[in-house]
Amino acid sequence: MRMCVGCREMKPKVQLLRVVKPQEGDAAIDRTGKAPGRGAYICAGIECLRRAQKSRALERALDAKIDEAVFAQLEAQIAQAEAPGDA
């Protein structure tokens with residue numbers, strides 16, 4: 001179980017997206033869930049992502065500045081995950 005930094009709910013790890021900040025380099029999406037570095041989890045929902053972005057919860061969890069490109073990648077990945085459910 002992991003906590004979403006957006007809604008602060010505990011959910012199984014497989015239901016969440018992981019963002020990782022390696023010691024050297026920028027934060028990025030960790031698709032494997034096993035990349036080394038400090039990680040934070042977010043629900044696969046646009047609302048949680050926007051809440052985490054607005055409150056800077058993801059930046060605080062990773063103790064690093066998060067580029068807009070990472071937020072854009074997360075938003076695209078969430079939209080892609082939600083699309084099959086809409087059909």
# chains A, B, ... in the order shown; residues from 1 in each chain; ligands from 1
$ select_by_dssp --residues "range 13-86 of chain A" --states "helix (DSSP H, G or I)" --output "JSON, numbers by chain"
{"A": [13, 14, 15, 46, 47, 48, 49, 50, 51, 52, 53, 54, 55, 57, 58, 59, 60, 61, 62, 68, 69, 70, 71, 72, 73, 74, 75, 76, 77, 78, 79, 80, 81, 82, 83, 84, 85, 86]}
$ residues_around --residues "range 62-79 of chain A" --least-positions-apart "2" --cutoff "8 Å" --atoms "only C-alpha atoms" --output "number ranges by chain"
A: 20-21, 26-29, 38-40, 44-46, 49, 53, 58-60, 81-83
$ atom_distance --atom1 "CA of Tyr41 in chain A" --atom2 "CA of Pro12 in chain A"
10.4 Å
$ select_by_dssp --residues "chain A" --states "strand (DSSP E)" --output "PyMOL selection string"
chain A and resi 2-3+10-11+16-21+28-30+38-43
$ closest_residue --among "A:Arg18, A:Gln80, A:Met10, A:Met1" --to "Ile42 in chain A" --atoms "only C-alpha atoms"
A:Arg18
$ residues_around --residues "range 2-4 of chain A" --least-positions-apart "2" --cutoff "6 Å" --atoms "only C-alpha atoms" --output "list in words"
Gly6, Cys7, Arg8, Glu9, Met10, Lys11, Lys13, Tyr41, Ile42 and Cys43 of chain A
$ closest_residue --among "A:Val5, A:Val14, A:Ala52, A:Val19" --to "Gly37 in chain A" --atoms "only C-alpha atoms"
A:Val19
